[in-house]
$ cat data.cif   # mmCIF, C-alpha atoms
data_final
#
loop_
_atom_site.label_atom_id
_atom_site.label_comp_id
_atom_site.auth_asym_id
_atom_site.auth_seq_id
_atom_site.Cartn_x
_atom_site.Cartn_y
_atom_site.Cartn_z
CA MET X 214 -11.60 -9.44 30.53
CA GLY X 215 -11.37 -9.68 26.77
CA PHE X 216 -8.94 -11.57 24.62
CA VAL X 217 -5.25 -11.37 25.48
CA SER X 218 -2.48 -12.33 23.05
CA ARG X 219 -0.47 -14.82 25.10
CA GLY X 220 3.02 -13.50 25.77
CA PHE X 221 2.52 -10.12 24.11
CA ARG X 222 3.75 -7.03 25.89
CA GLY X 223 4.44 -4.62 23.08
CA LYS X 224 6.47 -1.49 22.84
CA ARG X 225 4.80 1.24 24.82
CA ARG X 226 4.39 4.73 23.54
CA ASP X 227 5.80 7.62 25.46
CA THR X 228 2.92 9.20 27.31
CA ALA X 229 3.60 12.73 26.05
CA SER X 230 2.48 11.90 22.52
CA SER X 231 0.05 9.05 23.15
CA SER X 232 -2.96 11.37 23.26
CA ARG X 233 -2.08 12.46 19.73
CA VAL X 234 -2.04 8.95 18.28
CA PRO X 235 -5.40 7.58 17.07
CA PRO X 236 -6.47 4.00 17.85
CA GLY X 237 -4.55 1.27 16.02
CA GLN X 238 -1.77 3.65 14.94
CA TYR X 239 1.94 3.71 15.87
CA VAL X 240 4.42 6.57 15.56
CA VAL X 241 7.20 6.55 12.98
CA THR X 242 10.09 8.95 12.63
CA ASP X 243 10.82 8.25 8.96
CA PHE X 244 8.33 8.89 6.15
CA PRO X 245 7.02 5.68 4.56
CA VAL X 246 5.87 5.75 0.92
CA LEU X 247 2.64 4.19 -0.32
CA SER X 248 1.34 4.49 -3.86
CA ALA X 249 -0.74 2.23 -6.06
CA GLY X 250 1.38 2.71 -9.17
CA PRO X 251 4.53 4.25 -10.62
CA THR X 252 5.55 7.72 -9.45
CA PRO X 253 4.54 10.22 -12.16
CA ARG X 254 7.22 12.59 -13.44
CA VAL X 255 5.53 15.97 -13.51
CA ASN X 256 6.61 18.76 -15.85
CA LEU X 257 5.99 22.07 -14.05
CA ASP X 258 5.90 23.98 -17.36
CA GLN X 259 2.69 22.18 -18.17
CA TRP X 260 1.37 21.91 -14.62
CA THR X 261 -1.86 23.66 -13.68
CA PHE X 262 -4.14 23.53 -10.67
CA SER X 263 -7.88 23.74 -11.36
CA ILE X 264 -11.12 24.15 -9.50
CA GLU X 265 -13.94 22.85 -11.67
CA GLY X 266 -17.34 21.17 -11.56
CA GLU X 267 -20.10 23.03 -9.71
CA ILE X 268 -18.62 26.46 -10.24
CA ASP X 269 -19.74 29.19 -12.65
CA GLU X 270 -16.27 30.10 -13.81
CA PRO X 271 -13.72 27.35 -13.33
CA ARG X 272 -10.42 28.58 -11.88
CA ARG X 273 -7.00 27.60 -13.08
CA TRP X 274 -3.49 28.53 -12.02
CA THR X 275 -0.20 27.85 -13.77
CA TRP X 276 2.76 26.85 -11.58
CA LYS X 277 4.03 30.43 -11.70
CA GLU X 278 0.64 31.83 -10.73
CA PHE X 279 0.23 29.24 -8.02
CA GLN X 280 3.58 30.09 -6.48
CA ALA X 281 2.54 33.76 -6.34
CA LEU X 282 -0.45 32.94 -4.09
CA PRO X 283 -0.19 33.69 -0.38
CA THR X 284 1.30 30.72 1.47
CA GLU X 285 0.92 29.24 4.90
CA THR X 286 3.30 27.00 6.80
CA VAL X 287 1.48 24.50 8.97
CA THR X 288 2.65 21.80 11.39
CA LYS X 289 0.34 18.79 11.55
CA ASP X 290 0.18 15.17 12.68
CA ILE X 291 -0.58 12.78 9.82
CA HIS X 292 -2.13 9.32 10.03
CA CYS X 293 -1.83 6.65 7.32
CA VAL X 294 -4.45 3.91 7.10
CA THR X 295 -1.59 1.37 7.00
CA LYS X 296 -1.14 2.19 10.72
CA TRP X 297 1.76 4.65 10.87
CA SER X 298 1.39 8.16 12.23
CA LYS X 299 3.97 10.89 11.92
CA LEU X 300 3.85 13.77 14.35
CA ASP X 301 4.67 17.45 13.78
CA THR X 302 5.11 17.33 10.02
CA SER X 303 5.75 20.76 8.53
CA TRP X 304 4.27 21.81 5.19
CA LYS X 305 4.19 24.95 3.11
CA GLY X 306 1.55 25.68 0.53
CA VAL X 307 -1.72 27.43 -0.24
CA SER X 308 -4.82 27.11 1.90
CA VAL X 309 -7.87 25.75 0.08
CA ASP X 310 -9.68 28.74 1.59
CA THR X 311 -7.43 31.01 -0.50
CA LEU X 312 -8.19 29.03 -3.65
CA MET X 313 -11.92 29.01 -2.93
CA GLU X 314 -12.16 32.68 -1.98
CA GLY X 315 -15.34 34.20 -3.45
CA VAL X 316 -16.47 30.91 -5.05
CA GLU X 317 -20.21 30.36 -4.94
CA THR X 318 -21.14 26.74 -5.29
CA ALA X 319 -24.03 24.40 -4.66
CA ALA X 320 -21.52 21.58 -4.16
CA GLU X 321 -21.36 19.69 -0.89
CA PHE X 322 -18.58 17.34 -1.92
CA ALA X 323 -15.28 17.48 -3.73
CA THR X 324 -13.20 15.04 -5.71
CA ILE X 325 -9.49 15.73 -5.47
CA PHE X 326 -7.80 14.57 -8.70
CA SER X 327 -4.18 13.88 -9.55
CA ASP X 328 -1.70 13.05 -12.26
CA GLY X 329 -1.82 9.33 -12.93
CA GLY X 330 -5.60 9.20 -12.53
CA TYR X 331 -5.80 9.00 -8.73
CA THR X 332 -8.90 10.51 -7.12
CA THR X 333 -10.25 10.81 -3.59
CA ASN X 334 -13.54 12.19 -2.30
CA VAL X 335 -14.12 14.52 0.65
CA PRO X 336 -17.03 16.57 1.95
CA LEU X 337 -16.45 20.19 0.96
CA GLU X 338 -16.78 21.31 4.58
CA ASP X 339 -13.78 19.11 5.42
CA ILE X 340 -11.42 21.03 3.14
CA THR X 341 -12.62 24.58 3.86
CA GLY X 342 -12.38 26.54 7.10
CA ASN X 343 -8.62 26.21 7.62
CA LYS X 344 -8.62 22.40 7.30
CA ALA X 345 -6.81 21.68 4.01
CA TRP X 346 -3.90 22.94 1.93
CA VAL X 347 -2.29 22.40 -1.45
CA VAL X 348 1.37 22.04 -0.47
CA TYR X 349 4.71 22.02 -2.28
CA GLU X 350 7.25 22.03 0.55
CA PHE X 351 7.85 19.44 3.26
CA ASP X 352 10.18 20.27 6.14
CA GLY X 353 11.47 23.36 4.34
CA GLN X 354 12.40 21.49 1.15
CA PRO X 355 10.66 21.04 -2.20
CA LEU X 356 8.33 18.07 -1.92
CA HIS X 357 9.97 14.87 -3.22
CA PRO X 358 8.12 13.02 -6.05
CA GLU X 359 7.79 9.85 -3.90
CA HIS X 360 5.87 11.91 -1.37
CA GLY X 361 3.64 13.54 -3.97
CA GLY X 362 5.84 16.32 -5.32
CA PRO X 363 5.84 18.73 -6.88
CA VAL X 364 2.43 19.43 -5.30
CA ARG X 365 0.15 17.34 -3.08
CA PHE X 366 -3.08 17.82 -1.21
CA LEU X 367 -3.02 17.97 2.60
CA VAL X 368 -6.11 17.29 4.69
CA PRO X 369 -4.45 16.04 7.88
CA HIS X 370 -7.53 15.36 10.01
CA LEU X 371 -8.47 12.46 7.69
CA TYR X 372 -6.45 9.33 6.88
CA PHE X 373 -3.57 10.26 4.64
CA TRP X 374 -4.88 8.63 1.42
CA LYS X 375 -7.23 11.65 1.31
CA SER X 376 -4.13 13.88 1.00
CA ALA X 377 -3.72 13.06 -2.69
CA LYS X 378 -0.20 13.05 -4.15
CA TRP X 379 0.59 14.79 -7.46
CA VAL X 380 -2.61 16.80 -7.12
CA ARG X 381 -3.95 18.74 -10.10
CA GLY X 382 -7.28 20.06 -8.94
CA ILE X 383 -10.54 20.00 -7.05
CA ARG X 384 -13.81 19.02 -8.72
CA LEU X 385 -16.83 20.43 -6.87
CA GLU X 386 -19.79 18.05 -6.83
CA LYS X 387 -23.36 17.98 -5.53
CA ASP X 388 -23.17 14.26 -4.82
CA GLU X 389 -20.40 12.16 -3.32
CA HIS X 390 -18.56 9.92 -5.78
CA PRO X 391 -16.18 7.32 -4.33
CA GLY X 392 -12.57 7.93 -5.34
CA PHE X 393 -9.82 5.39 -6.03
CA TRP X 394 -9.34 3.74 -2.63
CA GLU X 395 -12.93 4.46 -1.65
CA SER X 396 -13.93 2.19 -4.57
CA ASN X 397 -11.43 -0.43 -3.42
CA GLY X 398 -12.59 -1.19 0.09
CA TYR X 399 -11.59 1.94 1.98
CA ASN X 400 -13.90 4.17 3.99
CA MET X 401 -15.78 7.03 2.30
CA TYR X 402 -14.88 9.49 5.08
CA GLY X 403 -11.76 8.15 6.84
CA ASP X 404 -11.67 9.69 10.33
CA PRO X 405 -8.60 8.24 12.12
CA TRP X 406 -10.06 8.97 15.57
CA ARG X 407 -13.08 6.80 14.79
CA GLU X 408 -10.79 4.28 13.05
CA GLN X 409 -12.79 4.51 9.82
CA ARG X 410 -10.36 2.50 7.74
CA TYR X 411 -12.58 0.31 5.59
CA TRP X 412 -16.11 -0.01 4.29
CA GLY X 413 -18.50 -0.36 7.17
CA ASP X 414 -16.13 1.06 9.82
CA MET K 8 -15.06 -8.06 -8.68
CA ALA K 9 -13.03 -7.25 -5.61
CA ARG K 10 -16.16 -5.76 -4.15
CA ALA K 11 -17.63 -9.18 -3.59
CA ALA K 12 -14.73 -10.11 -1.37
CA VAL K 13 -14.59 -6.92 0.67
CA LEU K 14 -18.22 -5.83 0.86
CA GLY K 15 -19.69 -5.33 4.25
CA ARG K 16 -18.15 -4.63 7.59
CA LEU K 17 -14.80 -6.22 8.31
CA THR K 18 -15.11 -7.62 11.80
CA TRP K 19 -12.30 -8.86 14.01
CA GLN K 20 -12.21 -12.63 14.20
CA PHE K 21 -9.94 -15.34 15.53
CA GLY K 22 -7.53 -17.48 13.62
CA THR K 23 -5.90 -20.42 15.35
CA LEU K 24 -2.31 -21.08 14.41
CA ALA K 25 -2.07 -24.59 12.99
CA GLU K 26 1.44 -24.71 11.61
CA ILE K 27 4.62 -22.67 11.34
CA VAL K 28 7.00 -23.17 8.42
CA ARG K 29 10.39 -21.49 8.56
CA GLU K 30 11.13 -20.07 5.10
CA THR K 31 14.46 -18.34 5.83
CA PRO K 32 16.34 -17.44 9.03
CA ARG K 33 14.23 -14.26 9.33
CA VAL K 34 10.99 -15.26 7.64
CA SER K 35 8.28 -17.73 8.63
CA SER K 36 4.93 -18.72 7.18
CA LEU K 37 2.05 -19.02 9.64
CA PHE K 38 -0.93 -21.17 8.67
CA PHE K 39 -4.19 -20.33 10.43
CA ASP K 40 -7.54 -22.02 10.71
CA VAL K 41 -10.07 -19.21 10.41
CA PRO K 42 -13.59 -20.66 10.72
CA GLU K 43 -15.38 -17.48 9.64
CA TRP K 44 -12.98 -16.53 6.85
CA PRO K 45 -15.06 -14.82 4.10
CA GLY K 46 -12.61 -15.68 1.31
CA HIS K 47 -10.10 -13.44 -0.42
CA LEU K 48 -8.50 -12.54 -3.72
CA ALA K 49 -4.85 -13.18 -4.50
CA GLY K 50 -2.90 -10.06 -3.50
CA GLN K 51 -5.07 -8.86 -0.61
CA HIS K 52 -3.93 -8.39 2.98
CA VAL K 53 -5.24 -8.66 6.54
CA ASP K 54 -4.97 -6.53 9.63
CA VAL K 55 -3.60 -8.25 12.72
CA ARG K 56 -4.25 -7.02 16.26
CA LEU K 57 -2.31 -7.99 19.38
CA THR K 58 -3.60 -7.25 22.88
CA ALA K 59 -1.47 -7.20 26.04
CA ASP K 60 -2.94 -8.18 29.41
CA ASP K 61 -3.35 -4.51 30.38
CA GLY K 62 -5.39 -3.77 27.25
CA TYR K 63 -2.55 -2.23 25.21
CA GLN K 64 -3.00 -3.06 21.53
CA ALA K 65 -0.86 -2.99 18.39
CA GLU K 66 -2.10 -3.40 14.82
CA ARG K 67 -0.26 -4.15 11.60
CA SER K 68 -1.11 -5.25 8.06
CA TYR K 69 0.27 -8.41 6.44
CA SER K 70 -0.14 -9.72 2.92
CA ILE K 71 -1.91 -13.02 2.49
CA ALA K 72 0.35 -15.74 1.08
CA SER K 73 -2.19 -18.50 0.52
CA ALA K 74 -4.35 -18.96 -2.57
CA PRO K 75 -8.07 -18.16 -2.23
CA THR K 76 -8.95 -21.86 -2.39
CA ASP K 77 -6.40 -23.05 0.15
CA LYS K 78 -7.83 -24.58 3.28
CA ARG K 79 -5.78 -22.46 5.64
CA LEU K 80 -5.02 -18.75 5.62
CA ALA K 81 -1.27 -18.25 5.35
CA LEU K 82 0.69 -15.17 6.33
CA THR K 83 4.41 -14.98 5.64
CA VAL K 84 6.11 -12.61 8.06
CA GLU K 85 9.63 -11.18 8.13
CA ARG K 86 10.95 -10.62 11.61
CA LEU K 87 12.11 -7.03 12.03
CA ASP K 88 14.49 -6.79 14.97
CA ASP K 89 13.16 -3.44 16.16
CA GLY K 90 9.58 -4.30 15.25
CA GLU K 91 6.69 -4.61 17.66
CA VAL K 92 4.41 -7.19 16.04
CA SER K 93 6.64 -9.25 13.75
CA PRO K 94 8.95 -10.54 16.54
CA TYR K 95 5.81 -11.75 18.31
CA LEU K 96 4.42 -13.48 15.22
CA VAL K 97 7.82 -14.98 14.32
CA GLY K 98 9.13 -16.15 17.65
CA GLU K 99 6.45 -16.08 20.31
CA LEU K 100 3.29 -17.37 18.62
CA ARG K 101 2.89 -21.16 18.87
CA ALA K 102 0.60 -23.72 17.30
CA GLY K 103 -2.77 -23.58 19.05
CA ASP K 104 -2.48 -19.86 19.89
CA ARG K 105 -5.24 -17.57 18.70
CA LEU K 106 -4.65 -14.39 16.73
CA GLU K 107 -7.13 -11.59 16.11
CA LEU K 108 -7.37 -10.56 12.47
CA ARG K 109 -9.72 -8.92 10.04
CA GLY K 110 -9.87 -8.86 6.28
CA PRO K 111 -9.48 -9.32 3.43
CA ILE K 112 -8.44 -5.76 2.65
CA GLY K 113 -7.62 -4.01 -0.61
CA GLY K 114 -9.33 -4.40 -3.98
CA TYR K 115 -6.64 -3.03 -6.29
CA PHE K 116 -3.43 -5.03 -5.97
CA VAL K 117 -5.25 -8.25 -6.88
CA TRP K 118 -5.04 -10.84 -9.64
CA ARG K 119 -8.19 -12.80 -10.30
CA GLY K 120 -6.89 -15.15 -12.95
CA ASP K 121 -9.63 -14.28 -15.44
CA GLU K 122 -7.50 -12.19 -17.81
CA ASP K 123 -5.80 -13.39 -20.97
CA ARG K 124 -2.91 -10.99 -20.87
CA PRO K 125 0.37 -12.24 -19.48
CA LEU K 126 1.28 -11.78 -15.86
CA LEU K 127 4.51 -10.10 -14.82
CA LEU K 128 5.43 -10.27 -11.15
CA ILE K 129 8.42 -8.42 -9.73
CA GLY K 130 9.21 -8.97 -6.08
CA GLY K 131 11.90 -7.79 -3.68
CA GLY K 132 12.48 -9.66 -0.41
CA SER K 133 9.28 -10.25 1.52
CA GLY K 134 7.48 -8.34 -1.25
CA ILE K 135 7.14 -11.82 -2.77
CA VAL K 136 4.27 -12.65 -0.40
CA PRO K 137 1.24 -11.23 -2.28
CA LEU K 138 2.84 -12.35 -5.56
CA MET K 139 3.10 -15.89 -4.16
CA SER K 140 -0.62 -15.83 -3.46
CA MET K 141 -1.12 -15.02 -7.16
CA LEU K 142 1.22 -17.81 -8.31
CA ARG K 143 -0.45 -20.31 -5.98
CA HIS K 144 -3.84 -19.18 -7.25
CA ARG K 145 -2.63 -19.55 -10.84
CA ALA K 146 -1.49 -23.11 -10.10
CA ARG K 147 -4.65 -24.11 -8.20
CA ILE K 148 -6.98 -22.98 -10.99
CA ALA K 149 -4.68 -24.58 -13.60
CA SER K 150 -4.40 -21.25 -15.38
CA LYS K 151 -2.38 -21.30 -18.58
CA THR K 152 -1.87 -17.52 -18.49
CA PRO K 153 1.79 -16.98 -19.34
CA ALA K 154 3.52 -15.69 -16.24
CA ARG K 155 6.96 -14.58 -15.20
CA LEU K 156 8.37 -13.86 -11.80
CA LEU K 157 11.50 -11.80 -11.30
CA PHE K 158 12.50 -12.16 -7.66
CA SER K 159 15.27 -10.18 -6.01
CA SER K 160 16.79 -11.43 -2.75
CA ARG K 161 19.93 -10.54 -0.87
CA ALA K 162 21.48 -13.99 -0.69
CA LEU K 163 20.52 -17.56 -1.49
CA ALA K 164 19.63 -18.25 2.15
CA ASP K 165 17.20 -15.30 2.04
CA VAL K 166 15.17 -16.62 -0.90
CA ILE K 167 11.65 -17.10 0.44
CA TYR K 168 9.64 -20.07 -0.98
CA ARG K 169 12.73 -21.24 -2.87
CA GLU K 170 11.74 -24.88 -3.27
CA GLU K 171 8.11 -24.18 -4.00
CA LEU K 172 9.06 -21.62 -6.64
CA GLU K 173 11.39 -24.19 -8.19
CA ARG K 174 8.52 -26.68 -8.37
CA LEU K 175 6.07 -24.14 -9.78
CA GLY K 176 8.61 -22.96 -12.37
CA ALA K 177 9.32 -26.53 -13.47
CA ALA K 178 5.67 -27.48 -13.92
CA GLY K 179 5.74 -26.61 -17.62
CA ASP K 180 2.51 -24.60 -17.41
CA GLY K 181 3.88 -21.33 -18.76
CA LEU K 182 5.48 -19.92 -15.62
CA GLY K 183 9.07 -18.73 -15.70
CA VAL K 184 10.89 -17.95 -12.46
CA VAL K 185 14.02 -15.79 -12.53
CA HIS K 186 16.08 -14.96 -9.45
CA THR K 187 18.58 -12.26 -8.80
CA LEU K 188 20.82 -12.02 -5.74
CA THR K 189 22.11 -8.60 -4.77
CA ARG K 190 24.73 -9.48 -2.16
CA GLU K 191 26.06 -12.91 -3.03
CA LYS K 192 27.24 -15.02 -5.93
CA PRO K 193 27.07 -18.66 -4.80
CA ALA K 194 29.11 -21.28 -6.64
CA GLY K 195 27.17 -22.70 -9.57
CA TRP K 196 24.53 -19.95 -9.44
CA THR K 197 22.88 -19.42 -12.81
CA GLY K 198 20.60 -16.50 -11.93
CA TYR K 199 21.45 -12.82 -11.90
CA THR K 200 23.67 -11.27 -9.25
CA ARG K 201 22.80 -7.58 -9.28
CA ARG K 202 20.00 -5.14 -8.61
CA ILE K 203 17.18 -5.02 -11.12
CA ASP K 204 18.10 -2.90 -14.14
CA GLU K 205 16.81 -2.27 -17.63
CA ALA K 206 18.90 -4.99 -19.27
CA MET K 207 17.52 -7.54 -16.81
CA LEU K 208 13.96 -6.42 -17.46
CA ARG K 209 14.49 -6.57 -21.22
CA GLU K 210 15.72 -10.14 -20.89
CA THR K 211 13.07 -11.39 -18.50
CA ALA K 212 9.93 -9.24 -18.66
CA TRP K 213 7.19 -9.33 -21.25
CA PRO K 214 7.68 -6.47 -23.69
CA SER K 215 5.21 -3.59 -23.44
CA GLU K 216 3.59 -4.70 -26.74
CA ASP K 217 2.29 -7.78 -24.91
CA SER K 218 0.48 -5.49 -22.43
CA PRO K 219 1.23 -7.60 -19.37
CA ALA K 220 -0.55 -7.08 -16.07
CA VAL K 221 2.33 -6.02 -13.83
CA PHE K 222 2.55 -6.33 -10.06
CA VAL K 223 5.57 -4.94 -8.23
CA CYS K 224 6.03 -5.38 -4.47
CA GLY K 225 8.99 -4.72 -2.22
CA PRO K 226 10.82 -2.00 -0.33
CA THR K 227 10.19 1.53 -1.59
CA PRO K 228 13.52 2.04 -3.45
CA PHE K 229 13.09 -1.33 -5.16
CA VAL K 230 9.54 -0.55 -6.27
CA GLU K 231 10.44 2.97 -7.39
CA ALA K 232 13.31 1.60 -9.49
CA ALA K 233 11.39 -1.27 -11.08
CA ALA K 234 8.24 0.75 -11.81
CA SER K 235 10.18 3.69 -13.25
CA LEU K 236 12.19 1.37 -15.50
CA LEU K 237 9.03 -0.27 -16.80
CA VAL K 238 7.42 3.11 -17.55
CA ALA K 239 10.59 4.23 -19.36
CA MET K 240 10.46 0.97 -21.39
CA GLY K 241 7.00 1.87 -22.64
CA HIS K 242 4.73 -0.01 -20.27
CA ASP K 243 1.41 1.66 -19.57
CA ALA K 244 1.61 3.18 -16.07
CA ARG K 245 -1.99 2.11 -15.46
CA SER K 246 -1.02 -1.54 -15.95
CA ILE K 247 1.64 -1.37 -13.26
CA LYS K 248 0.28 -1.99 -9.78
CA THR K 249 2.60 -1.44 -6.86
CA GLU K 250 2.81 -2.13 -3.15
CA ARG K 251 5.61 -0.60 -1.11
CA PHE K 252 6.78 -1.10 2.40
CA GLY K 253 9.32 0.89 4.31
CA ALA K 254 11.94 -0.12 6.84
CA THR K 255 9.68 0.83 9.71
CA GLY K 256 6.71 -0.99 11.04
CA GLY K 257 6.87 -4.61 11.84
#
$ encode --input "data.cif" --output "structure tokens"
Amino acid sequence: MGFVSRGFRGKRRDTASSSRVPPGQYVVTDFPVLSAGPTPRVNLDQWTFSIEGEIDEPRRWTWKEFQALPTETVTKDIHCVTKWSKLDTSWKGVSVDTLMEGVETAAEFATIFSDGGYTTNVPLEDITGNKAWVVYEFDGQPLHPEHGGPVRFLVPHLYFWKSAKWVRGIRLEKDEHPGFWESNGYNMYGDPWREQRYWGD
Amino acid sequence: MARAAVLGRLTWQFGTLAEIVRETPRVSSLFFDVPEWPGHLAGQHVDVRLTADDGYQAERSYSIASAPTDKRLALTVERLDDGEVSPYLVGELRAGDRLELRGPIGGYFVWRGDEDRPLLLIGGGSGIVPLMSMLRHRARIASKTPARLLFSSRALADVIYREELERLGAAGDGLGVVHTLTREKPAGWTGYTRRIDEAMLRETAWPSEDSPAVFVCGPTPFVEAAASLLVAMGHDARSIKTERFGATGG
């Protein structure tokens, strides 16, 4: 028998959802906010979304063009490295597969970049194949700035810091470059089911 | 660099509770002896893990309150009534009990004390905790970096570290401590009695021309308000570091 915290019983999860909650996480019903700096105020008239880097002809959409792209509505569980998980969150936006359609690239990695200078790195194969979206609605409403609005990245199978708020584009790269939190002690990959929170996990 | 303090695998280790200090009716500081503690930077946090006798576990993160050079690792915890971990830490845990923790975590919301530019700390409620680590660090290394703390609490009885902040602010080493109370105006009170607003920041904060290093920590609406005001007043968004916590968790 391992260590036991004397006198600790804890609040048990309901069994129906427990198989959906990764180790070390607990379920919330509200939507906590975590950001490293002030919330940027984004002007949609000047907003663009770009795919650049290892690509012959970089792609760029204005807000109007982006809104005209085919959308998907997805319902996903999300897992924040600060331990909360939120189940059945509903998002509307554009699949990365749609944005990447017909792109030939030698890249194996991507840096997602945002207003305010935030970046995060992901393997390209983790954001293609119906795994990631660029979303602008949460729960049927325009995405609130605190939660990354007008537009955020969504890659729900990784810890939520990979789902960059205020996203502005994807930079395709041959090598992996640590992003903001990945340079500040957090895991390069961030799989919640393997509890890859920090360096060395 | 922060790297030095967080490099390598963060393994779970035991701290033994040495002392509990009640800060307010809802908040206590817990001082741990952690034999294998690798050291930390002011502003970092730790993960805490509790294990029930049937193997059930719960994890949470808590900011470190102690200075890097302090002998014991201090956590200051607010008891959330509907929380899972905080009522255990503030209420059940006794001196001599062991607690599993790992850290330090986070290399961004940190103040090393090696910068010349002034330090501006804005805290709401238990958001004071990582800022207190910075102020304790500043005092321990006898830093003369000009520093100001603007600390918002609900009522006088809720002011965490009140006496220690009074001492630090009276030391004459360039630290100014300003309080505001949002739900009470005690007799003889000379601080502010309202939520943080632009006029208050203009009176207490370093102007943007002084390029202060700014740390804001508290509940989300508090942090959103303070950080947005500072940006509107001309402060460089990249100089404003924030930590937010919601009503959930605990």
$ resolve_selection --input "data.cif" --expression "the PyMOL selection byres ((chain K) within 6 of (chain X))" --output "ChimeraX atom specification"
/K:15-16,57-60,66,91,113-114,234,247-249,251,253
$ atom_distance --input "data.cif" --atom1 "atom CA of Gly132 of chain K" --atom2 "atom CA of Ala154 of chain K"
19.2 Å
$ residues_around --input "data.cif" --residues "segment 261-278 of chain X" --least-positions-apart "5" --cutoff "12 Å" --atoms "only C-alpha atoms" --output "PyMOL selection string"
chain X and resi 255-256+283+307+309+311-328+337+347-349+363-366+379-388
$ resolve_selection --input "data.cif" --expression "the PyMOL selection byres ((chain K and resi 167-184) around 9)" --output "mmCIF file with C-alpha atoms, in the coordinates of the input"
data_model
loop_
_atom_site.group_PDB
_atom_site.id
_atom_site.type_symbol
_atom_site.label_atom_id
_atom_site.label_comp_id
_atom_site.auth_asym_id
_atom_site.auth_seq_id
_atom_site.Cartn_x
_atom_site.Cartn_y
_atom_site.Cartn_z
ATOM 1 C CA GLU K 30 11.130 -20.070 5.100
ATOM 2 C CA THR K 31 14.460 -18.340 5.830
ATOM 3 C CA VAL K 34 10.990 -15.260 7.640
ATOM 4 C CA SER K 35 8.280 -17.730 8.630
ATOM 5 C CA GLY K 132 12.480 -9.660 -0.410
ATOM 6 C CA SER K 133 9.280 -10.250 1.520
ATOM 7 C CA ILE K 135 7.140 -11.820 -2.770
ATOM 8 C CA VAL K 136 4.270 -12.650 -0.400
ATOM 9 C CA MET K 139 3.100 -15.890 -4.160
ATOM 10 C CA LEU K 142 1.220 -17.810 -8.310
ATOM 11 C CA ARG K 143 -0.450 -20.310 -5.980
ATOM 12 C CA ALA K 146 -1.490 -23.110 -10.100
ATOM 13 C CA ALA K 149 -4.680 -24.580 -13.600
ATOM 14 C CA SER K 150 -4.400 -21.250 -15.380
ATOM 15 C CA LYS K 151 -2.380 -21.300 -18.580
ATOM 16 C CA THR K 152 -1.870 -17.520 -18.490
ATOM 17 C CA PRO K 153 1.790 -16.980 -19.340
ATOM 18 C CA ALA K 154 3.520 -15.690 -16.240
ATOM 19 C CA ARG K 155 6.960 -14.580 -15.200
ATOM 20 C CA LEU K 156 8.370 -13.860 -11.800
ATOM 21 C CA LEU K 157 11.500 -11.800 -11.300
ATOM 22 C CA PHE K 158 12.500 -12.160 -7.660
ATOM 23 C CA SER K 160 16.790 -11.430 -2.750
ATOM 24 C CA LEU K 163 20.520 -17.560 -1.490
ATOM 25 C CA ALA K 164 19.630 -18.250 2.150
ATOM 26 C CA ASP K 165 17.200 -15.300 2.040
ATOM 27 C CA VAL K 166 15.170 -16.620 -0.900
ATOM 28 C CA VAL K 185 14.020 -15.790 -12.530
ATOM 29 C CA HIS K 186 16.080 -14.960 -9.450
ATOM 30 C CA THR K 211 13.070 -11.390 -18.500
#
$ atom_distance --input "data.cif" --atom1 "atom CA of Leu96 of chain K" --atom2 "atom CA of Arg33 of chain K"
11.5 Å
$ closest_residue --input "data.cif" --among "X:Gln354, X:Thr332, X:Asn343, X:Ser298" --to "Lys375 of chain X" --atoms "only C-alpha atoms"
X:Thr332
$ closest_residue --input "data.cif" --among "X:Tyr372, X:Trp406, X:Trp260, X:Trp346" --to "Pro235 of chain X" --atoms "only C-alpha atoms"
X:Trp406
$ closest_residue --input "data.cif" --among "X:Val368, X:Ile291, X:Met401, X:Ala377" --to "Arg233 of chain X" --atoms "only C-alpha atoms"
X:Ile291
$ atom_distance --input "data.cif" --atom1 "atom CA of Glu285 of chain X" --atom2 "atom CA of Ser308 of chain X"
6.8 Å
$ closest_residue --input "data.cif" --among "X:Pro336, X:Ala345, X:His360, X:His390" --to "Tyr402 of chain X" --atoms "only C-alpha atoms"
X:Pro336
$ residues_around --input "data.cif" --residues "Ser140 of chain K" --least-positions-apart "3" --cutoff "8 Å" --atoms "all atoms listed in the file" --output "CSV table (one decimal) with C-alpha atoms, in the frame of the given file"
chain,number,residue,atom,x,y,z
K,49,ALA,CA,-4.8,-13.2,-4.5
K,50,GLY,CA,-2.9,-10.1,-3.5
K,71,ILE,CA,-1.9,-13.0,2.5
K,72,ALA,CA,0.4,-15.7,1.1
K,73,SER,CA,-2.2,-18.5,0.5
K,74,ALA,CA,-4.4,-19.0,-2.6
K,75,PRO,CA,-8.1,-18.2,-2.2
K,136,VAL,CA,4.3,-12.6,-0.4
K,137,PRO,CA,1.2,-11.2,-2.3
K,143,ARG,CA,-0.4,-20.3,-6.0
K,144,HIS,CA,-3.8,-19.2,-7.2
$ residues_around --input "data.cif" --residues "Ser159 of chain K" --least-positions-apart "3" --cutoff "6 Å" --atoms "all atoms listed in the file" --output "ChimeraX atom specification"
/K:131,186-188
$ write_last_selection --input "data.cif" --atoms "C-alpha atoms" --output "PDB file, keeping the file's coordinate frame"
ATOM      1  CA  GLY K 131      11.900  -7.790  -3.680  1.00  0.00           C
ATOM      2  CA  HIS K 186      16.080 -14.960  -9.450  1.00  0.00           C
ATOM      3  CA  THR K 187      18.580 -12.260  -8.800  1.00  0.00           C
ATOM      4  CA  LEU K 188      20.820 -12.020  -5.740  1.00  0.00           C
TER       5      LEU K 188
END
$ resolve_selection --input "data.cif" --expression "the PyMOL selection byres ((chain X and resi 370) around 10)" --output "ChimeraX atom specification"
/X:289-292,339-340,344-345,367-369,371-373,375-376,403-406
